file input-v1.cif (mmCIF, C-alpha atoms; chains and numbers go by the auth columns)
data_query
#
loop_
_atom_site.group_PDB
_atom_site.id
_atom_site.type_symbol
_atom_site.label_atom_id
_atom_site.label_comp_id
_atom_site.label_asym_id
_atom_site.label_seq_id
_atom_site.Cartn_x
_atom_site.Cartn_y
_atom_site.Cartn_z
_atom_site.B_iso_or_equiv
_atom_site.auth_seq_id
_atom_site.auth_asym_id
ATOM 1 C CA MET A 1 13.104 -12.604 26.179 0.00 206 A
ATOM 2 C CA THR A 2 16.757 -13.116 25.436 0.00 207 A
ATOM 3 C CA LEU A 3 19.353 -10.442 25.069 0.00 208 A
ATOM 4 C CA LEU A 4 19.445 -11.069 21.323 0.00 209 A
ATOM 5 C CA ASP A 5 15.664 -10.621 21.081 0.00 210 A
ATOM 6 C CA SER A 6 15.817 -7.337 22.948 0.00 211 A
ATOM 7 C CA LYS A 7 18.606 -6.100 20.663 0.00 212 A
ATOM 8 C CA LEU A 8 16.642 -6.943 17.550 0.00 213 A
ATOM 9 C CA VAL A 9 13.622 -5.053 18.928 0.00 214 A
ATOM 10 C CA ARG A 10 11.069 -7.245 17.208 0.00 215 A
ATOM 11 C CA CYS A 11 7.377 -6.835 17.781 0.00 216 A
ATOM 12 C CA TRP A 12 6.135 -9.838 19.775 0.00 217 A
ATOM 13 C CA THR A 13 2.375 -9.612 19.659 0.00 218 A
ATOM 14 C CA SER A 14 -0.301 -11.824 18.160 0.00 219 A
ATOM 15 C CA ARG A 15 -0.218 -12.792 14.477 0.00 220 A
ATOM 16 C CA PRO A 16 -2.219 -10.455 12.240 0.00 221 A
ATOM 17 C CA HIS A 17 -5.326 -11.706 10.426 0.00 222 A
ATOM 18 C CA LEU A 18 -3.924 -11.850 6.891 0.00 223 A
ATOM 19 C CA GLN A 19 -6.548 -14.063 5.270 0.00 224 A
ATOM 20 C CA THR A 20 -9.312 -11.510 5.850 0.00 225 A
ATOM 21 C CA LEU A 21 -7.669 -9.280 3.234 0.00 226 A
ATOM 22 C CA TYR A 22 -8.792 -11.714 0.531 0.00 227 A
ATOM 23 C CA THR A 23 -12.413 -10.702 1.189 0.00 228 A
ATOM 24 C CA LEU A 24 -11.638 -7.425 -0.617 0.00 229 A
ATOM 25 C CA ALA A 25 -12.412 -9.128 -3.939 0.00 230 A
ATOM 26 C CA ALA A 26 -16.096 -9.030 -2.973 0.00 231 A
ATOM 27 C CA ALA A 27 -15.905 -5.252 -2.518 0.00 232 A
ATOM 28 C CA ALA A 28 -15.100 -4.283 -6.109 0.00 233 A
ATOM 29 C CA PRO A 29 -18.496 -5.090 -7.697 0.00 234 A
ATOM 30 C CA LEU A 30 -20.329 -3.500 -4.765 0.00 235 A
ATOM 31 C CA MET A 31 -18.263 -0.310 -4.977 0.00 236 A
ATOM 32 C CA ARG A 32 -18.833 -0.098 -8.727 0.00 237 A
ATOM 33 C CA ALA A 33 -22.587 -0.698 -8.494 0.00 238 A
ATOM 34 C CA ALA A 34 -23.335 1.520 -5.487 0.00 239 A
ATOM 35 C CA LEU A 35 -20.822 4.351 -5.898 0.00 240 A
ATOM 36 C CA GLY A 36 -19.396 4.158 -9.419 0.00 241 A
ATOM 37 C CA LEU A 37 -15.881 3.575 -8.055 0.00 242 A
ATOM 38 C CA ALA A 38 -13.381 1.030 -9.383 0.00 243 A
ATOM 39 C CA PRO A 39 -10.020 -0.211 -8.038 0.00 244 A
ATOM 40 C CA THR A 40 -7.116 1.995 -9.110 0.00 245 A
ATOM 41 C CA GLY A 41 -4.580 -0.830 -8.884 0.00 246 A
ATOM 42 C CA GLY A 42 -2.801 0.804 -5.951 0.00 247 A
ATOM 43 C CA GLY A 43 -2.537 -0.342 -2.370 0.00 248 A
ATOM 44 C CA THR A 44 -0.356 0.029 0.695 0.00 249 A
ATOM 45 C CA VAL A 45 0.801 -1.862 3.759 0.00 250 A
ATOM 46 C CA GLY A 46 1.720 0.281 6.763 0.00 251 A
ATOM 47 C CA PHE A 47 3.931 -0.796 9.642 0.00 252 A
ATOM 48 C CA LYS A 48 5.971 0.782 12.394 0.00 253 A
ATOM 49 C CA VAL A 49 9.078 -0.762 13.897 0.00 254 A
ATOM 50 C CA ASP A 50 10.008 0.698 17.241 0.00 255 A
ATOM 51 C CA GLY A 51 13.656 0.722 18.164 0.00 256 A
ATOM 52 C CA ASP A 52 16.906 1.209 16.355 0.00 257 A
ATOM 53 C CA ALA A 53 17.362 2.100 12.720 0.00 258 A
ATOM 54 C CA LEU A 54 18.883 -1.309 11.930 0.00 259 A
ATOM 55 C CA ALA A 55 15.670 -3.175 12.781 0.00 260 A
ATOM 56 C CA ARG A 56 13.585 -0.633 10.844 0.00 261 A
ATOM 57 C CA THR A 57 15.888 -0.888 7.806 0.00 262 A
ATOM 58 C CA GLN A 58 15.808 -4.687 7.935 0.00 263 A
ATOM 59 C CA ALA A 59 11.988 -4.688 7.987 0.00 264 A
ATOM 60 C CA GLU A 60 11.871 -2.263 5.052 0.00 265 A
ATOM 61 C CA LEU A 61 14.243 -4.447 3.026 0.00 266 A
ATOM 62 C CA ILE A 62 12.150 -7.539 3.748 0.00 267 A
ATOM 63 C CA ALA A 63 8.989 -5.712 2.670 0.00 268 A
ATOM 64 C CA ALA A 64 10.560 -4.435 -0.553 0.00 269 A
ATOM 65 C CA THR A 65 11.982 -7.713 -1.854 0.00 270 A
ATOM 66 C CA SER A 66 8.979 -9.886 -2.536 0.00 271 A
ATOM 67 C CA ALA A 67 9.714 -12.484 -5.213 0.00 272 A
ATOM 68 C CA ARG A 68 6.138 -12.721 -6.506 0.00 273 A
ATOM 69 C CA LEU A 69 5.619 -9.033 -7.288 0.00 274 A
ATOM 70 C CA PRO A 70 6.134 -7.872 -10.916 0.00 275 A
ATOM 71 C CA VAL A 71 7.847 -4.683 -9.690 0.00 276 A
ATOM 72 C CA HIS A 72 9.475 -4.053 -6.370 0.00 277 A
ATOM 73 C CA PRO A 73 7.203 -2.016 -4.136 0.00 278 A
ATOM 74 C CA LEU A 74 8.096 1.486 -3.060 0.00 279 A
ATOM 75 C CA VAL A 75 8.930 1.809 0.648 0.00 280 A
ATOM 76 C CA THR A 76 8.676 5.236 2.264 0.00 281 A
ATOM 77 C CA GLN A 77 8.940 6.461 5.830 0.00 282 A
ATOM 78 C CA ASP A 78 7.300 9.464 7.471 0.00 283 A
ATOM 79 C CA LEU A 79 8.658 11.673 10.251 0.00 284 A
ATOM 80 C CA SER A 80 7.017 9.634 13.027 0.00 285 A
ATOM 81 C CA GLY A 81 8.789 6.441 11.933 0.00 286 A
ATOM 82 C CA ARG A 82 5.877 4.746 10.148 0.00 287 A
ATOM 83 C CA SER A 83 6.887 2.886 7.001 0.00 288 A
ATOM 84 C CA THR A 84 4.575 2.411 4.043 0.00 289 A
ATOM 85 C CA VAL A 85 4.990 -0.189 1.319 0.00 290 A
ATOM 86 C CA ARG A 86 3.201 0.833 -1.883 0.00 291 A
ATOM 87 C CA CYS A 87 2.235 -1.887 -4.370 0.00 292 A
ATOM 88 C CA TRP A 88 0.443 -1.415 -7.664 0.00 293 A
ATOM 89 C CA ARG A 89 -0.958 -3.390 -10.569 0.00 294 A
ATOM 90 C CA ARG A 90 -1.233 -1.696 -13.946 0.00 295 A
ATOM 91 C CA ASN A 91 -4.161 -3.901 -14.957 0.00 296 A
ATOM 92 C CA HIS A 92 -6.099 -2.823 -11.812 0.00 297 A
ATOM 93 C CA ASP A 93 -6.618 -6.483 -10.847 0.00 298 A
ATOM 94 C CA LEU A 94 -7.860 -6.366 -7.255 0.00 299 A
ATOM 95 C CA ARG A 95 -7.273 -10.092 -6.652 0.00 300 A
ATOM 96 C CA CYS A 96 -3.604 -9.826 -7.667 0.00 301 A
ATOM 97 C CA LEU A 97 -3.130 -6.613 -5.711 0.00 302 A
ATOM 98 C CA THR A 98 -4.656 -8.193 -2.612 0.00 303 A
ATOM 99 C CA GLY A 99 -2.310 -11.141 -3.022 0.00 304 A
ATOM 100 C CA ASP A 100 0.630 -8.720 -3.248 0.00 305 A
ATOM 101 C CA LEU A 101 -0.399 -6.955 -0.038 0.00 306 A
ATOM 102 C CA VAL A 102 -0.838 -10.278 1.768 0.00 307 A
ATOM 103 C CA ASP A 103 2.578 -11.387 0.483 0.00 308 A
ATOM 104 C CA VAL A 104 4.302 -8.273 1.864 0.00 309 A
ATOM 105 C CA ALA A 105 2.507 -8.629 5.211 0.00 310 A
ATOM 106 C CA ASP A 106 3.274 -12.357 5.356 0.00 311 A
ATOM 107 C CA ARG A 107 6.983 -11.789 4.686 0.00 312 A
ATOM 108 C CA LEU A 108 7.114 -9.251 7.518 0.00 313 A
ATOM 109 C CA THR A 109 5.203 -11.610 9.831 0.00 314 A
ATOM 110 C CA ARG A 110 7.504 -14.563 9.119 0.00 315 A
ATOM 111 C CA ALA A 111 10.515 -12.328 9.800 0.00 316 A
ATOM 112 C CA GLY A 112 9.147 -11.478 13.249 0.00 317 A
ATOM 113 C CA TYR A 113 7.564 -8.115 12.456 0.00 318 A
ATOM 114 C CA GLY A 114 3.924 -9.256 12.470 0.00 319 A
ATOM 115 C CA GLY A 115 3.038 -7.184 15.511 0.00 320 A
ATOM 116 C CA CYS A 116 4.430 -4.099 13.791 0.00 321 A
ATOM 117 C CA LEU A 117 1.845 -4.252 10.989 0.00 322 A
ATOM 118 C CA ARG A 118 -0.690 -1.450 11.305 0.00 323 A
ATOM 119 C CA SER A 119 -2.910 -1.336 8.217 0.00 324 A
ATOM 120 C CA ALA A 120 -3.357 -2.200 4.573 0.00 325 A
ATOM 121 C CA ALA A 121 -5.305 0.006 2.184 0.00 326 A
ATOM 122 C CA VAL A 122 -6.730 -0.467 -1.306 0.00 327 A
ATOM 123 C CA GLU A 123 -7.659 2.583 -3.358 0.00 328 A
ATOM 124 C CA PHE A 124 -10.830 3.128 -5.399 0.00 329 A
ATOM 125 C CA ALA A 125 -11.641 6.056 -7.706 0.00 330 A
ATOM 126 C CA GLU A 126 -13.943 7.044 -10.551 0.00 331 A
ATOM 127 C CA PRO A 127 -12.922 4.811 -13.474 0.00 332 A
ATOM 128 C CA ALA A 128 -12.845 7.552 -16.101 0.00 333 A
ATOM 129 C CA GLY A 129 -12.774 11.302 -16.203 0.00 334 A
ATOM 130 C CA ARG A 130 -11.695 13.621 -13.422 0.00 335 A
ATOM 131 C CA ARG A 131 -11.047 11.039 -10.676 0.00 336 A
ATOM 132 C CA ASP A 132 -12.121 13.594 -8.078 0.00 337 A
ATOM 133 C CA ARG A 133 -13.826 11.085 -5.814 0.00 338 A
ATOM 134 C CA LYS A 134 -11.377 8.733 -4.132 0.00 339 A
ATOM 135 C CA LEU A 135 -12.000 6.162 -1.453 0.00 340 A
ATOM 136 C CA ALA A 136 -9.666 3.802 0.379 0.00 341 A
ATOM 137 C CA LEU A 137 -10.733 0.642 2.136 0.00 342 A
ATOM 138 C CA VAL A 138 -8.400 0.402 5.115 0.00 343 A
ATOM 139 C CA TYR A 139 -7.830 -2.932 6.824 0.00 344 A
ATOM 140 C CA LEU A 140 -6.680 -2.837 10.451 0.00 345 A
ATOM 141 C CA PHE A 141 -4.422 -5.842 11.049 0.00 346 A
ATOM 142 C CA ASP A 142 -4.815 -5.922 14.828 0.00 347 A
ATOM 143 C CA ARG A 143 -8.627 -5.751 14.758 0.00 348 A
ATOM 144 C CA GLY A 144 -9.317 -7.705 11.563 0.00 349 A
ATOM 145 C CA THR A 145 -11.813 -5.094 10.361 0.00 350 A
ATOM 146 C CA PHE A 146 -12.123 -2.569 7.531 0.00 351 A
ATOM 147 C CA HIS A 147 -13.043 1.104 7.556 0.00 352 A
ATOM 148 C CA THR A 148 -13.477 3.630 4.779 0.00 353 A
ATOM 149 C CA ALA A 149 -11.454 6.786 4.176 0.00 354 A
ATOM 150 C CA ALA A 150 -12.612 9.159 1.441 0.00 355 A
ATOM 151 C CA ALA A 151 -11.184 12.453 0.292 0.00 356 A
ATOM 152 C CA ALA A 152 -12.738 14.831 -2.226 0.00 357 A
ATOM 153 C CA GLY A 153 -9.776 15.538 -4.495 0.00 358 A
ATOM 154 C CA ASN A 154 -7.069 17.082 -2.331 0.00 359 A
ATOM 155 C CA GLY A 155 -9.605 18.425 0.139 0.00 360 A
ATOM 156 C CA PRO A 156 -11.008 17.256 3.455 0.00 361 A
ATOM 157 C CA LEU A 157 -12.579 13.883 4.165 0.00 362 A
ATOM 158 C CA ASP A 158 -15.823 13.182 2.368 0.00 363 A
ATOM 159 C CA ARG A 159 -17.893 11.673 5.223 0.00 364 A
ATOM 160 C CA ALA A 160 -21.024 11.279 3.060 0.00 365 A
ATOM 161 C CA LEU A 161 -19.118 9.062 0.604 0.00 366 A
ATOM 162 C CA GLU A 162 -17.654 7.072 3.494 0.00 367 A
ATOM 163 C CA LEU A 163 -21.088 6.414 4.968 0.00 368 A
ATOM 164 C CA ARG A 164 -22.517 5.388 1.585 0.00 369 A
ATOM 165 C CA ALA A 165 -19.586 3.011 1.100 0.00 370 A
ATOM 166 C CA ARG A 166 -20.130 1.511 4.565 0.00 371 A
ATOM 167 C CA ALA A 167 -23.798 0.931 3.729 0.00 372 A
ATOM 168 C CA ALA A 168 -22.901 -0.723 0.407 0.00 373 A
ATOM 169 C CA LEU A 169 -20.283 -2.989 2.019 0.00 374 A
ATOM 170 C CA ARG A 170 -22.342 -4.041 5.034 0.00 375 A
ATOM 171 C CA GLY A 171 -22.364 -7.833 5.146 0.00 376 A
ATOM 172 C CA ALA A 172 -19.653 -8.254 2.476 0.00 377 A
ATOM 173 C CA LEU A 173 -16.683 -7.188 4.629 0.00 378 A
ATOM 174 C CA PRO A 174 -16.064 -7.203 8.373 0.00 379 A
ATOM 175 C CA LEU A 175 -16.497 -3.463 8.985 0.00 380 A
ATOM 176 C CA GLU A 176 -15.247 -1.587 12.019 0.00 381 A
ATOM 177 C CA PRO A 177 -18.304 -1.414 14.305 0.00 382 A
ATOM 178 C CA VAL A 178 -17.639 2.175 15.367 0.00 383 A
ATOM 179 C CA ALA A 179 -17.732 4.384 12.270 0.00 384 A
ATOM 180 C CA GLN A 180 -15.750 7.129 14.024 0.00 385 A
ATOM 181 C CA ARG A 181 -12.801 4.831 14.795 0.00 386 A
ATOM 182 C CA ARG A 182 -10.237 5.633 12.133 0.00 387 A
ATOM 183 C CA PHE A 183 -6.685 4.912 11.255 0.00 388 A
ATOM 184 C CA VAL A 184 -4.977 7.706 9.375 0.00 389 A
ATOM 185 C CA VAL A 185 -3.603 6.483 6.045 0.00 390 A
#
call {"tool": "encode", "arguments": {"input": "input-v1.cif", "output": "structure tokens"}}
result
Amino acid sequence: MTLLDSKLVRCWTSRPHLQTLYTLAAAAPLMRAALGLAPTGGGTVGFKVDGDALARTQAELIAATSARLPVHPLVTQDLSGRSTVRCWRRNHDLRCLTGDLVDVADRLTRAGYGGCLRSAAVEFAEPAGRRDRKLALVYLFDRGTFHTAAAAGNGPLDRALELRARAALRGALPLEPVAQRRFVV
């Protein structure tokens, strides 16, 4: 590692499995049939850049300036230094949204931040009415697997919904083998 590399504080780990995100298109009909949930059109890419603020700011700018997105995504940062890029599609098109998430992750990877990618999530909810039941399919970049995260409104996690979603998606997506292994979204 050169002095310049150490100053830039890039993440030098293996390339994330970006193509697996495209398998999400198979999830929408299964989620609708088994649980009555449809894509909301919203999704996120989470990453964490360790080091100085300059490297973190550079990664956030790269993530926010994708040429193929109809609107620039919203980039936020929490207190522990994790950044989240939020993308959305008004027409709720899961294929386009998945492409947007892959584009953001690919731009970060090509810029040297591939090892900093943590997760991508796509949101599902009841298509009409109260929208109380919400579920996110969370993709873990380093493991190449999905897990479910469900919340009942603003309340605690809805484990029953998560388990029903896992049963409906078995065979369609590469699911995390240990149901208790979670990544907080």
call {"tool": "residues_around", "arguments": {"input": "input-v1.cif", "residues": "His297 of chain A", "least_positions_apart": "5", "cutoff": "10 Å", "atoms": "all atoms listed in the file", "output": "list in words"}}
result
Ala243, Pro244, Thr245, Gly246, Gly247, Leu302 and Phe329 of chain A
call {"tool": "resolve_selection", "arguments": {"input": "input-v1.cif", "expression": "the PyMOL selection byres ((chain A and resi 303) around 8)", "output": "list in words"}}
result
Leu226, Tyr227, Leu229, Ala230, Leu299, Arg300, Cys301, Leu302, Gly304, Asp305, Leu306 and Val307 of chain A
call {"tool": "atom_distance", "arguments": {"input": "input-v1.cif", "atom1": "atom CA of Ala355 of chain A", "atom2": "atom CA of Arg375 of chain A"}}
result
16.8 Å
call {"tool": "closest_atom_pairs", "arguments": {"input": "input-v1.cif", "of": "segment 211-327 of chain A", "to": "segment 341-353 of chain A", "cutoff": "12 Å", "atoms": "only C-alpha atoms", "output": "JSON lines"}}
result
{"residue": "A:Thr218", "atom": "CA", "partner": "A:Asp347", "partner_atom": "CA", "distance": 9.4}
{"residue": "A:Ser219", "atom": "CA", "partner": "A:Asp347", "partner_atom": "CA", "distance": 8.1}
{"residue": "A:Arg220", "atom": "CA", "partner": "A:Asp347", "partner_atom": "CA", "distance": 8.3}
{"residue": "A:Pro221", "atom": "CA", "partner": "A:Phe346", "partner_atom": "CA", "distance": 5.2}
{"residue": "A:His222", "atom": "CA", "partner": "A:Gly349", "partner_atom": "CA", "distance": 5.8}
{"residue": "A:Leu223", "atom": "CA", "partner": "A:Phe346", "partner_atom": "CA", "distance": 7.3}
{"residue": "A:Gln224", "atom": "CA", "partner": "A:Gly349", "partner_atom": "CA", "distance": 9.4}
{"residue": "A:Thr225", "atom": "CA", "partner": "A:Gly349", "partner_atom": "CA", "distance": 6.9}
{"residue": "A:Leu226", "atom": "CA", "partner": "A:Tyr344", "partner_atom": "CA", "distance": 7.3}
{"residue": "A:Tyr227", "atom": "CA", "partner": "A:Tyr344", "partner_atom": "CA", "distance": 10.8}
{"residue": "A:Thr228", "atom": "CA", "partner": "A:Phe351", "partner_atom": "CA", "distance": 10.3}
{"residue": "A:Leu229", "atom": "CA", "partner": "A:Leu342", "partner_atom": "CA", "distance": 8.6}
{"residue": "A:Ala230", "atom": "CA", "partner": "A:Leu342", "partner_atom": "CA", "distance": 11.6}
{"residue": "A:Ala232", "atom": "CA", "partner": "A:Leu342", "partner_atom": "CA", "distance": 9.1}
{"residue": "A:Ala233", "atom": "CA", "partner": "A:Leu342", "partner_atom": "CA", "distance": 10.6}
{"residue": "A:Met236", "atom": "CA", "partner": "A:Leu342", "partner_atom": "CA", "distance": 10.4}
{"residue": "A:Leu242", "atom": "CA", "partner": "A:Ala341", "partner_atom": "CA", "distance": 10.5}
{"residue": "A:Ala243", "atom": "CA", "partner": "A:Ala341", "partner_atom": "CA", "distance": 10.8}
{"residue": "A:Pro244", "atom": "CA", "partner": "A:Ala341", "partner_atom": "CA", "distance": 9.3}
{"residue": "A:Thr245", "atom": "CA", "partner": "A:Ala341", "partner_atom": "CA", "distance": 10.0}
{"residue": "A:Gly246", "atom": "CA", "partner": "A:Ala341", "partner_atom": "CA", "distance": 11.5}
{"residue": "A:Gly247", "atom": "CA", "partner": "A:Ala341", "partner_atom": "CA", "distance": 9.8}
{"residue": "A:Gly248", "atom": "CA", "partner": "A:Ala341", "partner_atom": "CA", "distance": 8.7}
{"residue": "A:Thr249", "atom": "CA", "partner": "A:Val343", "partner_atom": "CA", "distance": 9.2}
{"residue": "A:Val250", "atom": "CA", "partner": "A:Tyr344", "partner_atom": "CA", "distance": 9.2}
{"residue": "A:Gly251", "atom": "CA", "partner": "A:Phe346", "partner_atom": "CA", "distance": 9.7}
{"residue": "A:Phe252", "atom": "CA", "partner": "A:Phe346", "partner_atom": "CA", "distance": 9.9}
{"residue": "A:Thr303", "atom": "CA", "partner": "A:Tyr344", "partner_atom": "CA", "distance": 11.3}
{"residue": "A:Leu306", "atom": "CA", "partner": "A:Tyr344", "partner_atom": "CA", "distance": 10.9}
{"residue": "A:Val307", "atom": "CA", "partner": "A:Phe346", "partner_atom": "CA", "distance": 10.9}
{"residue": "A:Ala310", "atom": "CA", "partner": "A:Phe346", "partner_atom": "CA", "distance": 9.5}
{"residue": "A:Asp311", "atom": "CA", "partner": "A:Phe346", "partner_atom": "CA", "distance": 11.6}
{"residue": "A:Thr314", "atom": "CA", "partner": "A:Phe346", "partner_atom": "CA", "distance": 11.3}
{"residue": "A:Gly319", "atom": "CA", "partner": "A:Phe346", "partner_atom": "CA", "distance": 9.1}
{"residue": "A:Gly320", "atom": "CA", "partner": "A:Asp347", "partner_atom": "CA", "distance": 8.0}
{"residue": "A:Cys321", "atom": "CA", "partner": "A:Phe346", "partner_atom": "CA", "distance": 9.4}
{"residue": "A:Leu322", "atom": "CA", "partner": "A:Phe346", "partner_atom": "CA", "distance": 6.5}
{"residue": "A:Arg323", "atom": "CA", "partner": "A:Phe346", "partner_atom": "CA", "distance": 5.8}
{"residue": "A:Ser324", "atom": "CA", "partner": "A:Leu345", "partner_atom": "CA", "distance": 4.6}
{"residue": "A:Ala325", "atom": "CA", "partner": "A:Tyr344", "partner_atom": "CA", "distance": 5.1}
{"residue": "A:Ala326", "atom": "CA", "partner": "A:Val343", "partner_atom": "CA", "distance": 4.3}
{"residue": "A:Val327", "atom": "CA", "partner": "A:Leu342", "partner_atom": "CA", "distance": 5.4}
call {"tool": "closest_residue", "arguments": {"input": "input-v1.cif", "among": "A:Leu340, A:Leu368, A:Leu313, A:Ala373", "to": "Val254 of chain A", "atoms": "all atoms listed in the file"}}
result
A:Leu313
call {"tool": "resolve_selection", "arguments": {"input": "input-v1.cif", "expression": "the PyMOL selection byres ((chain A and resi 239) around 10)", "output": "list of chain:residue names"}}
result
A:Pro234, A:Leu235, A:Met236, A:Arg237, A:Ala238, A:Leu240, A:Gly241, A:Leu242, A:Arg369, A:Ala370, A:Ala372, A:Ala373, A:Leu374
call {"tool": "closest_residue", "arguments": {"input": "input-v1.cif", "among": "A:Arg294, A:Arg364, A:Arg338, A:Arg261", "to": "Val276 of chain A", "atoms": "all atoms listed in the file"}}
result
A:Arg294
call {"tool": "atom_distance", "arguments": {"input": "input-v1.cif", "atom1": "atom CA of Arg287 of chain A", "atom2": "atom CA of Gly317 of chain A"}}
result
16.8 Å
call {"tool": "atom_distance", "arguments": {"input": "input-v1.cif", "atom1": "atom CA of Ala330 of chain A", "atom2": "atom CA of Val290 of chain A"}}
result
19.9 Å
